[in-house]
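A.B. asks: So here's upload-v5.txt (compact mmCIF, C-alpha atoms and all ligand atoms).
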```
# COMPACT_ATOMS: atom_id res chain seq x y z
CA MET N 117 -95.50 -108.30 48.80
CA ALA N 118 -92.79 -110.82 49.66
CA ALA N 119 -93.08 -114.14 47.85
CA VAL N 120 -94.03 -117.14 49.99
CA PRO N 121 -91.16 -119.67 49.90
CA GLN N 122 -91.98 -122.93 48.14
CA ARG N 123 -90.20 -124.90 50.81
CA VAL N 124 -88.84 -124.13 54.24
CA HIS N 125 -85.75 -125.81 55.67
CA LEU N 126 -85.93 -126.36 59.41
CA LYS N 127 -84.65 -128.64 62.14
CA PHE N 128 -86.88 -130.55 64.50
CA LEU N 129 -85.78 -132.73 67.39
CA VAL N 130 -87.62 -135.93 66.51
CA ASN N 131 -87.47 -138.84 68.94
CA GLY N 132 -84.24 -137.50 70.38
CA GLU N 133 -82.47 -136.85 67.08
CA GLU N 134 -81.86 -133.50 65.48
CA THR N 135 -83.67 -133.88 62.18
CA PRO N 136 -83.33 -131.48 59.25
CA VAL N 137 -86.46 -131.34 57.14
CA SER N 138 -87.58 -129.45 54.08
CA PHE N 139 -91.28 -129.01 53.30
CA ALA N 140 -93.92 -126.73 51.84
CA PRO N 141 -94.81 -124.10 54.47
CA TYR N 142 -98.54 -124.80 54.41
CA LYS N 143 -98.09 -128.39 55.62
CA THR N 144 -99.30 -129.58 58.97
CA LEU N 145 -96.97 -131.39 61.34
CA LEU N 146 -98.93 -134.56 60.55
CA GLU N 147 -98.18 -134.19 56.85
CA VAL N 148 -94.53 -133.37 57.46
CA LEU N 149 -94.08 -136.40 59.71
CA ARG N 150 -95.77 -138.80 57.31
CA GLU N 151 -94.80 -137.39 53.92
CA ASP N 152 -91.43 -135.71 54.47
CA LEU N 153 -89.96 -137.75 57.33
CA ASN N 154 -91.61 -141.05 56.43
CA LEU N 155 -92.82 -141.51 60.01
CA THR N 156 -96.12 -143.12 59.17
CA GLY N 157 -96.80 -144.51 62.64
CA THR N 158 -98.73 -141.32 63.39
CA LYS N 159 -102.12 -141.87 61.82
CA HIS N 160 -104.07 -139.64 59.54
CA GLY N 161 -107.71 -139.57 60.60
CA CYS N 162 -110.21 -136.74 60.44
CA GLU N 163 -107.75 -133.83 59.99
CA LEU N 164 -110.26 -131.77 61.95
CA GLY N 165 -109.01 -132.21 65.49
CA GLU N 166 -111.80 -134.63 66.34
CA CYS N 167 -110.37 -138.17 66.41
CA GLY N 168 -106.98 -138.03 68.15
CA ALA N 169 -105.38 -140.50 65.71
CA CYS N 170 -102.66 -137.96 64.91
CA ALA N 171 -101.61 -137.19 68.51
CA VAL N 172 -97.88 -136.72 69.11
CA LEU N 173 -95.95 -135.08 71.93
CA ILE N 174 -94.44 -131.64 71.44
CA ASP N 175 -92.13 -130.65 74.28
CA GLY N 176 -93.72 -133.44 76.32
CA GLU N 177 -97.33 -132.36 75.84
CA PRO N 178 -99.86 -134.15 73.64
CA HIS N 179 -100.89 -132.23 70.53
CA LEU N 180 -103.05 -133.07 67.55
CA SER N 181 -100.51 -132.91 64.74
CA CYS N 182 -103.24 -132.24 62.15
CA LEU N 183 -103.85 -128.87 63.84
CA VAL N 184 -100.20 -127.79 64.16
CA LEU N 185 -98.28 -126.27 61.28
CA GLY N 186 -94.88 -127.81 60.64
CA VAL N 187 -93.28 -124.37 60.65
CA GLU N 188 -94.39 -123.92 64.27
CA CYS N 189 -92.18 -126.83 65.31
CA GLU N 190 -88.73 -125.51 64.55
CA GLY N 191 -86.34 -126.63 67.28
CA ARG N 192 -89.10 -128.28 69.29
CA ARG N 193 -88.97 -131.73 70.82
CA ILE N 194 -91.34 -134.02 68.95
CA GLU N 195 -92.08 -137.56 70.10
CA THR N 196 -93.90 -140.04 67.89
CA VAL N 197 -94.81 -143.68 68.34
CA GLU N 198 -91.66 -144.68 66.43
CA GLY N 199 -89.61 -143.42 69.38
CA LEU N 200 -91.50 -145.27 72.12
CA ALA N 201 -89.63 -148.57 72.10
CA ASP N 202 -86.11 -148.74 73.50
CA GLY N 203 -84.33 -150.65 70.75
CA ALA N 204 -85.97 -154.06 70.59
CA GLU N 205 -87.68 -153.54 73.94
CA LEU N 206 -91.25 -152.32 73.79
CA HIS N 207 -92.31 -149.44 76.01
CA PRO N 208 -94.42 -150.83 78.91
CA LEU N 209 -97.46 -149.16 77.35
CA GLN N 210 -96.90 -150.98 74.06
CA ALA N 211 -96.33 -154.28 75.86
CA ALA N 212 -99.46 -153.85 78.00
CA PHE N 213 -101.58 -152.92 74.97
CA ALA N 214 -100.38 -156.08 73.21
CA ASP N 215 -100.84 -158.31 76.25
CA LEU N 216 -104.31 -157.05 77.14
CA GLY N 217 -105.76 -156.81 73.62
CA ALA N 218 -106.06 -153.03 73.77
CA ALA N 219 -105.07 -152.67 70.12
CA GLN N 220 -107.47 -154.24 67.67
CA CYS N 221 -107.43 -152.61 64.22
CA GLY N 222 -104.70 -150.40 65.71
CA TYR N 223 -105.65 -147.20 63.96
CA CYS N 224 -106.19 -145.24 67.15
CA THR N 225 -103.32 -146.91 68.99
CA PRO N 226 -100.35 -144.62 68.22
CA GLY N 227 -102.32 -141.54 69.27
CA ILE N 228 -103.54 -143.21 72.45
CA LEU N 229 -100.07 -144.54 73.31
CA MET N 230 -98.54 -141.08 72.99
CA THR N 231 -101.33 -139.43 74.97
CA ALA N 232 -101.01 -142.08 77.67
CA LYS N 233 -97.23 -141.66 77.75
CA ALA N 234 -97.63 -137.95 78.45
CA LEU N 235 -100.06 -138.82 81.24
CA LEU N 236 -97.81 -141.43 82.88
CA ASP N 237 -94.75 -139.19 82.58
CA LYS N 238 -96.60 -136.64 84.73
CA ASP N 239 -98.75 -138.90 86.89
CA PRO N 240 -97.26 -142.38 87.38
CA ASN N 241 -100.32 -143.58 89.27
CA PRO N 242 -103.40 -142.14 87.57
CA SER N 243 -106.93 -143.01 88.63
CA ARG N 244 -109.34 -144.53 86.11
CA GLU N 245 -111.11 -141.17 85.93
CA THR N 246 -107.83 -139.38 85.16
CA ILE N 247 -107.06 -141.89 82.41
CA LYS N 248 -110.53 -141.43 80.92
CA GLU N 249 -110.12 -137.69 80.97
CA ALA N 250 -106.61 -137.84 79.44
CA ILE N 251 -107.69 -139.91 76.45
CA SER N 252 -111.15 -138.40 76.06
CA GLY N 253 -110.06 -136.86 72.74
CA ASN N 254 -108.92 -140.18 71.28
CA LEU N 255 -111.63 -142.10 69.49
CA CYS N 256 -111.53 -145.87 69.24
CA ARG N 257 -114.08 -147.65 67.10
CA CYS N 258 -113.07 -151.17 68.12
CA THR N 259 -112.33 -151.83 71.76
CA GLY N 260 -115.06 -150.21 73.79
CA TYR N 261 -112.19 -148.61 75.76
CA GLN N 262 -112.22 -151.08 78.64
CA GLN N 263 -109.03 -152.84 77.49
CA ILE N 264 -107.42 -149.49 76.79
CA PHE N 265 -108.07 -148.24 80.32
CA GLU N 266 -106.84 -151.54 81.75
CA ALA N 267 -103.69 -151.52 79.60
CA ILE N 268 -102.77 -148.02 80.73
CA GLU N 269 -103.30 -149.07 84.36
CA GLU N 270 -101.20 -152.19 83.78
CA ALA N 271 -98.40 -150.14 82.18
CA ALA N 272 -98.42 -147.82 85.19
CA VAL N 273 -97.95 -150.87 87.46
CA ARG N 274 -95.14 -152.25 85.26
CA MET N 275 -93.38 -148.88 85.23
CA LYS N 276 -93.15 -148.63 89.00
CA PRO N 277 -89.51 -148.72 90.08
S1 LIG X 301 -106.45 -136.57 62.33
FE1 LIG X 301 -105.97 -135.12 63.86
S2 LIG X 301 -107.60 -135.24 65.28
FE2 LIG X 301 -108.20 -136.56 63.65
S1 LIG X 302 -108.31 -150.36 67.91
FE1 LIG X 302 -109.46 -149.89 66.10
S2 LIG X 302 -109.98 -147.80 66.32
FE2 LIG X 302 -109.06 -148.33 68.19
```
I'd like the structure from this file rewritten - as structure tokens, please.

C.D. replies:
Amino acid sequence: MAAVPQRVHLKFLVNGEETPVSFAPYKTLLEVLREDLNLTGTKHGCELGECGACAVLIDGEPHLSCLVLGVECEGRRIETVEGLADGAELHPLQAAFADLGAAQCGYCTPGILMTAKALLDKDPNPSRETIKEAISGNLCRCTGYQQIFEAIEEAAVRMKP
């Protein structure tokens, strides 16, 4: 039986940059991002696919990074909350969350921001129901969701050309 390598050496495309990374092959994408790439904006919650805190975009689609193996991501386009701002300028979602008090403790916020970005990239004018559906896998213990829904709607307005 072939020996399992202790580490694999791959390249991801992380927030627009080709990123070489070396990690133990059993690690999840969440672990690779946080422990091997030092991108700790993506939060570590339940590790069971139940809270949404770890959501990132892979090839533009939201995925729970605790359920994806790092080795599955070779050559794929990964977007994390660290890549949302444009230099010093916040993404409209980040600005709306700050302005409308949609981030309180902030633990759920990176996952919700990334999930909402995927939604607005596809549907620039989503209904409240569509927003609810899109973030239904993201748990927030603090806000009651109202401010989150309103912030996503506000960001959609601010993003209109
Ligand atoms: S940490 Fe991934 S869904 Fe909770
Ligand atoms: S702001 Fe605290 S869990 Fe959502």

A.B. asks: Once you count all atoms listed in the file, what closest atom pair and distance in Å to one decimal does each residue of chain N within 10 Å of ligand LIG 301 (chain X) have, with rows by chain and rising residue number, as a tab-separated table?

C.D. replies:
```
residue	atom	partner	partner_atom	distance
N:Thr144	CA	X:LIG301	FE1	10.0
N:Leu146	CA	X:LIG301	FE1	7.8
N:Thr158	CA	X:LIG301	S1	9.1
N:Lys159	CA	X:LIG301	S1	6.9
N:His160	CA	X:LIG301	S1	4.8
N:Gly161	CA	X:LIG301	S1	3.7
N:Cys162	CA	X:LIG301	FE2	3.8
N:Glu163	CA	X:LIG301	S1	3.8
N:Leu164	CA	X:LIG301	FE2	5.5
N:Gly165	CA	X:LIG301	S2	3.3
N:Glu166	CA	X:LIG301	S2	4.4
N:Cys167	CA	X:LIG301	FE2	3.9
N:Gly168	CA	X:LIG301	S2	4.1
N:Ala169	CA	X:LIG301	FE2	5.3
N:Cys170	CA	X:LIG301	FE1	4.5
N:Ala171	CA	X:LIG301	FE1	6.7
N:Val172	CA	X:LIG301	FE1	9.8
N:His179	CA	X:LIG301	FE1	8.9
N:Leu180	CA	X:LIG301	FE1	5.1
N:Ser181	CA	X:LIG301	FE1	6.0
N:Cys182	CA	X:LIG301	FE1	4.3
N:Leu183	CA	X:LIG301	FE1	6.6
N:Val184	CA	X:LIG301	FE1	9.3
N:Cys224	CA	X:LIG301	FE2	9.6
N:Gly227	CA	X:LIG301	S2	9.1
N:Gly253	CA	X:LIG301	S2	8.0
N:Asn254	CA	X:LIG301	S2	7.9
N:Leu255	CA	X:LIG301	FE2	8.7
```

A.B. asks: Residues around (-111.4, -151.9, 77.2), cut-off 12 Å, counting all atoms listed in the file - what are they as a list in words?

C.D. replies: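 Those residues lying close to the given coordinates are Phe213, Leu216, Gly217, Ala218, Ala219, Gln220, Arg244, Lys248, Cys256, Arg257, Cys258, Thr259, Gly260, Tyr261, Gln262, Gln263, Ile264, Phe265, Glu266, Ala267, Ile268 and Glu269 of chain N.
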
A.B. asks: Find, counting all atoms listed in the file, the residue in N:Glu188, N:Leu155, N:Val130, N:Ala271 that gets nearest to Ala214 in chain N.

C.D. replies: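 Smallest distance to Ala214 in chain N is found for N:Ala271.
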
A.B. asks: Under the rule that all atoms listed in the file are counted, which of N:Gly186, N:Pro240, N:Pro136, N:Pro141 is the nearest residue to Val273 in chain N?

C.D. replies: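 Ranked by minimum distance to Val273 in chain N, first place goes to N:Pro240.
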
A.B. asks: Which residues are close to range 190-205 of chain N, i.e. within 9 Å by all atoms listed in the file, leaving aside same-chain residues fewer than 5 positions away? Reply as a list in words.

C.D. replies: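 Counting all atoms listed in the file, the residues come to Leu126, Lys127, Phe128, Leu129, Val130, Asn131, Gly132, Glu134, Leu149, Leu155, Thr156, Gly157, Thr158, Ala171, Val172, Leu173, Ile174, Asp175, Gly176, Gln210, Ala211, Pro226, Gly227, Leu229, Met230 and Lys233 of chain N.
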
A.B. asks: What is the CA of Glu133 in chain N-CA of Pro178 in chain N distance in Å, reported with one decimal?

C.D. replies: 18.8 Å

A.B. asks: Given all atoms listed in the file as the basis, pick out the residue of N:Ile228, N:Leu153, N:Val137, N:Val148 nearest to ligand LIG 302 (chain X).

C.D. replies: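 Residue with the minimum atom-to-atom distance to ligand LIG 302 (chain X): N:Ile228.
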
A.B. asks: Nearest residue to ligand LIG 302 (chain X) out of N:Pro242, N:Thr225, N:Arg123, N:Ala212, using all atoms listed in the file?

C.D. replies: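 Of all the options, N:Thr225 lies closest to ligand LIG 302 (chain X).
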
A.B. asks: Mind completing range 150-186 of chain N with N, CA and C atoms? Output as an mmCIF file, keeping the file's coordinate frame, please?

C.D. replies:
```cif
data_model
loop_
_atom_site.group_PDB
_atom_site.id
_atom_site.type_symbol
_atom_site.label_atom_id
_atom_site.label_comp_id
_atom_site.auth_asym_id
_atom_site.auth_seq_id
_atom_site.Cartn_x
_atom_site.Cartn_y
_atom_site.Cartn_z
ATOM 1 N N ARG N 150 -95.461 -137.642 58.154
ATOM 2 C CA ARG N 150 -95.770 -138.800 57.310
ATOM 3 C C ARG N 150 -95.137 -138.703 55.919
ATOM 4 N N GLU N 151 -95.186 -137.503 55.339
ATOM 5 C CA GLU N 151 -94.800 -137.390 53.920
ATOM 6 C C GLU N 151 -93.334 -136.998 53.744
ATOM 7 N N ASP N 152 -92.798 -136.204 54.664
ATOM 8 C CA ASP N 152 -91.430 -135.710 54.470
ATOM 9 C C ASP N 152 -90.423 -136.450 55.349
ATOM 10 N N LEU N 153 -90.879 -137.011 56.455
ATOM 11 C CA LEU N 153 -89.960 -137.750 57.330
ATOM 12 C C LEU N 153 -90.256 -139.252 57.324
ATOM 13 N N ASN N 154 -91.286 -139.633 56.574
ATOM 14 C CA ASN N 154 -91.610 -141.050 56.430
ATOM 15 C C ASN N 154 -91.914 -141.729 57.767
ATOM 16 N N LEU N 155 -92.427 -140.948 58.714
ATOM 17 C CA LEU N 155 -92.820 -141.510 60.010
ATOM 18 C C LEU N 155 -94.330 -141.731 59.974
ATOM 19 N N THR N 156 -94.705 -142.872 59.436
ATOM 20 C CA THR N 156 -96.120 -143.120 59.170
ATOM 21 C C THR N 156 -96.836 -143.805 60.335
ATOM 22 N N GLY N 157 -96.133 -143.954 61.465
ATOM 23 C CA GLY N 157 -96.800 -144.510 62.640
ATOM 24 C C GLY N 157 -97.900 -143.584 63.140
ATOM 25 N N THR N 158 -97.699 -142.290 63.003
ATOM 26 C CA THR N 158 -98.730 -141.320 63.390
ATOM 27 C C THR N 158 -99.823 -141.366 62.333
ATOM 28 N N LYS N 159 -101.047 -141.580 62.776
ATOM 29 C CA LYS N 159 -102.120 -141.870 61.820
ATOM 30 C C LYS N 159 -102.866 -140.609 61.396
ATOM 31 N N HIS N 160 -103.362 -140.711 60.195
ATOM 32 C CA HIS N 160 -104.070 -139.640 59.540
ATOM 33 C C HIS N 160 -105.557 -139.994 59.628
ATOM 34 N N GLY N 161 -106.287 -139.266 60.448
ATOM 35 C CA GLY N 161 -107.710 -139.570 60.600
ATOM 36 C C GLY N 161 -108.568 -138.474 60.009
ATOM 37 N N CYS N 162 -109.217 -137.715 60.893
ATOM 38 C CA CYS N 162 -110.210 -136.740 60.440
ATOM 39 C C CYS N 162 -109.608 -135.438 59.898
ATOM 40 N N GLU N 163 -108.402 -135.125 60.325
ATOM 41 C CA GLU N 163 -107.750 -133.830 59.990
ATOM 42 C C GLU N 163 -108.539 -132.631 60.484
ATOM 43 N N LEU N 164 -109.408 -132.847 61.434
ATOM 44 C CA LEU N 164 -110.260 -131.770 61.950
ATOM 45 C C LEU N 164 -110.108 -131.599 63.457
ATOM 46 N N GLY N 165 -109.181 -132.323 64.051
ATOM 47 C CA GLY N 165 -109.010 -132.210 65.490
ATOM 48 C C GLY N 165 -110.057 -132.978 66.273
ATOM 49 N N GLU N 166 -110.690 -133.961 65.648
ATOM 50 C CA GLU N 166 -111.800 -134.630 66.340
ATOM 51 C C GLU N 166 -111.538 -136.083 66.726
ATOM 52 N N CYS N 167 -110.502 -136.720 66.160
ATOM 53 C CA CYS N 167 -110.370 -138.170 66.410
ATOM 54 C C CYS N 167 -109.175 -138.557 67.268
ATOM 55 N N GLY N 168 -108.154 -137.727 67.330
ATOM 56 C CA GLY N 168 -106.980 -138.030 68.150
ATOM 57 C C GLY N 168 -105.993 -139.001 67.529
ATOM 58 N N ALA N 169 -106.284 -139.507 66.320
ATOM 59 C CA ALA N 169 -105.380 -140.500 65.710
ATOM 60 C C ALA N 169 -103.996 -139.926 65.441
ATOM 61 N N CYS N 170 -103.911 -138.620 65.308
ATOM 62 C CA CYS N 170 -102.660 -137.960 64.910
ATOM 63 C C CYS N 170 -101.874 -137.422 66.098
ATOM 64 N N ALA N 171 -102.250 -137.794 67.325
ATOM 65 C CA ALA N 171 -101.610 -137.190 68.510
ATOM 66 C C ALA N 171 -100.125 -137.550 68.595
ATOM 67 N N VAL N 172 -99.309 -136.545 68.834
ATOM 68 C CA VAL N 172 -97.880 -136.720 69.110
ATOM 69 C C VAL N 172 -97.562 -135.833 70.309
ATOM 70 N N LEU N 173 -96.356 -135.965 70.833
ATOM 71 C CA LEU N 173 -95.950 -135.080 71.930
ATOM 72 C C LEU N 173 -95.047 -133.986 71.371
ATOM 73 N N ILE N 174 -95.324 -132.765 71.762
ATOM 74 C CA ILE N 174 -94.440 -131.640 71.440
ATOM 75 C C ILE N 174 -93.999 -131.062 72.773
ATOM 76 N N ASP N 175 -92.690 -131.077 72.999
ATOM 77 C CA ASP N 175 -92.130 -130.650 74.280
ATOM 78 C C ASP N 175 -92.856 -131.337 75.443
ATOM 79 N N GLY N 176 -93.148 -132.620 75.251
ATOM 80 C CA GLY N 176 -93.720 -133.440 76.320
ATOM 81 C C GLY N 176 -95.221 -133.377 76.472
ATOM 82 N N GLU N 177 -95.873 -132.505 75.713
ATOM 83 C CA GLU N 177 -97.330 -132.360 75.840
ATOM 84 C C GLU N 177 -98.017 -132.948 74.611
ATOM 85 N N PRO N 178 -99.160 -133.618 74.810
ATOM 86 C CA PRO N 178 -99.860 -134.150 73.640
ATOM 87 C C PRO N 178 -100.466 -133.038 72.781
ATOM 88 N N HIS N 179 -100.304 -133.171 71.484
ATOM 89 C CA HIS N 179 -100.890 -132.230 70.530
ATOM 90 C C HIS N 179 -101.449 -133.020 69.357
ATOM 91 N N LEU N 180 -102.498 -132.472 68.757
ATOM 92 C CA LEU N 180 -103.050 -133.070 67.550
ATOM 93 C C LEU N 180 -102.239 -132.526 66.374
ATOM 94 N N SER N 181 -101.462 -133.395 65.754
ATOM 95 C CA SER N 181 -100.510 -132.910 64.740
ATOM 96 C C SER N 181 -101.205 -132.430 63.480
ATOM 97 N N CYS N 182 -102.502 -132.764 63.322
ATOM 98 C CA CYS N 182 -103.240 -132.240 62.150
ATOM 99 C C CYS N 182 -103.610 -130.782 62.345
ATOM 100 N N LEU N 183 -103.478 -130.266 63.565
ATOM 101 C CA LEU N 183 -103.850 -128.870 63.840
ATOM 102 C C LEU N 183 -102.627 -127.989 64.069
ATOM 103 N N VAL N 184 -101.434 -128.553 63.908
ATOM 104 C CA VAL N 184 -100.200 -127.790 64.160
ATOM 105 C C VAL N 184 -99.474 -127.643 62.828
ATOM 106 N N LEU N 185 -99.059 -126.440 62.504
ATOM 107 C CA LEU N 185 -98.280 -126.270 61.280
ATOM 108 C C LEU N 185 -96.846 -126.745 61.522
ATOM 109 N N GLY N 186 -96.272 -127.370 60.519
ATOM 110 C CA GLY N 186 -94.880 -127.810 60.640
ATOM 111 C C GLY N 186 -93.951 -126.663 60.983
#
```
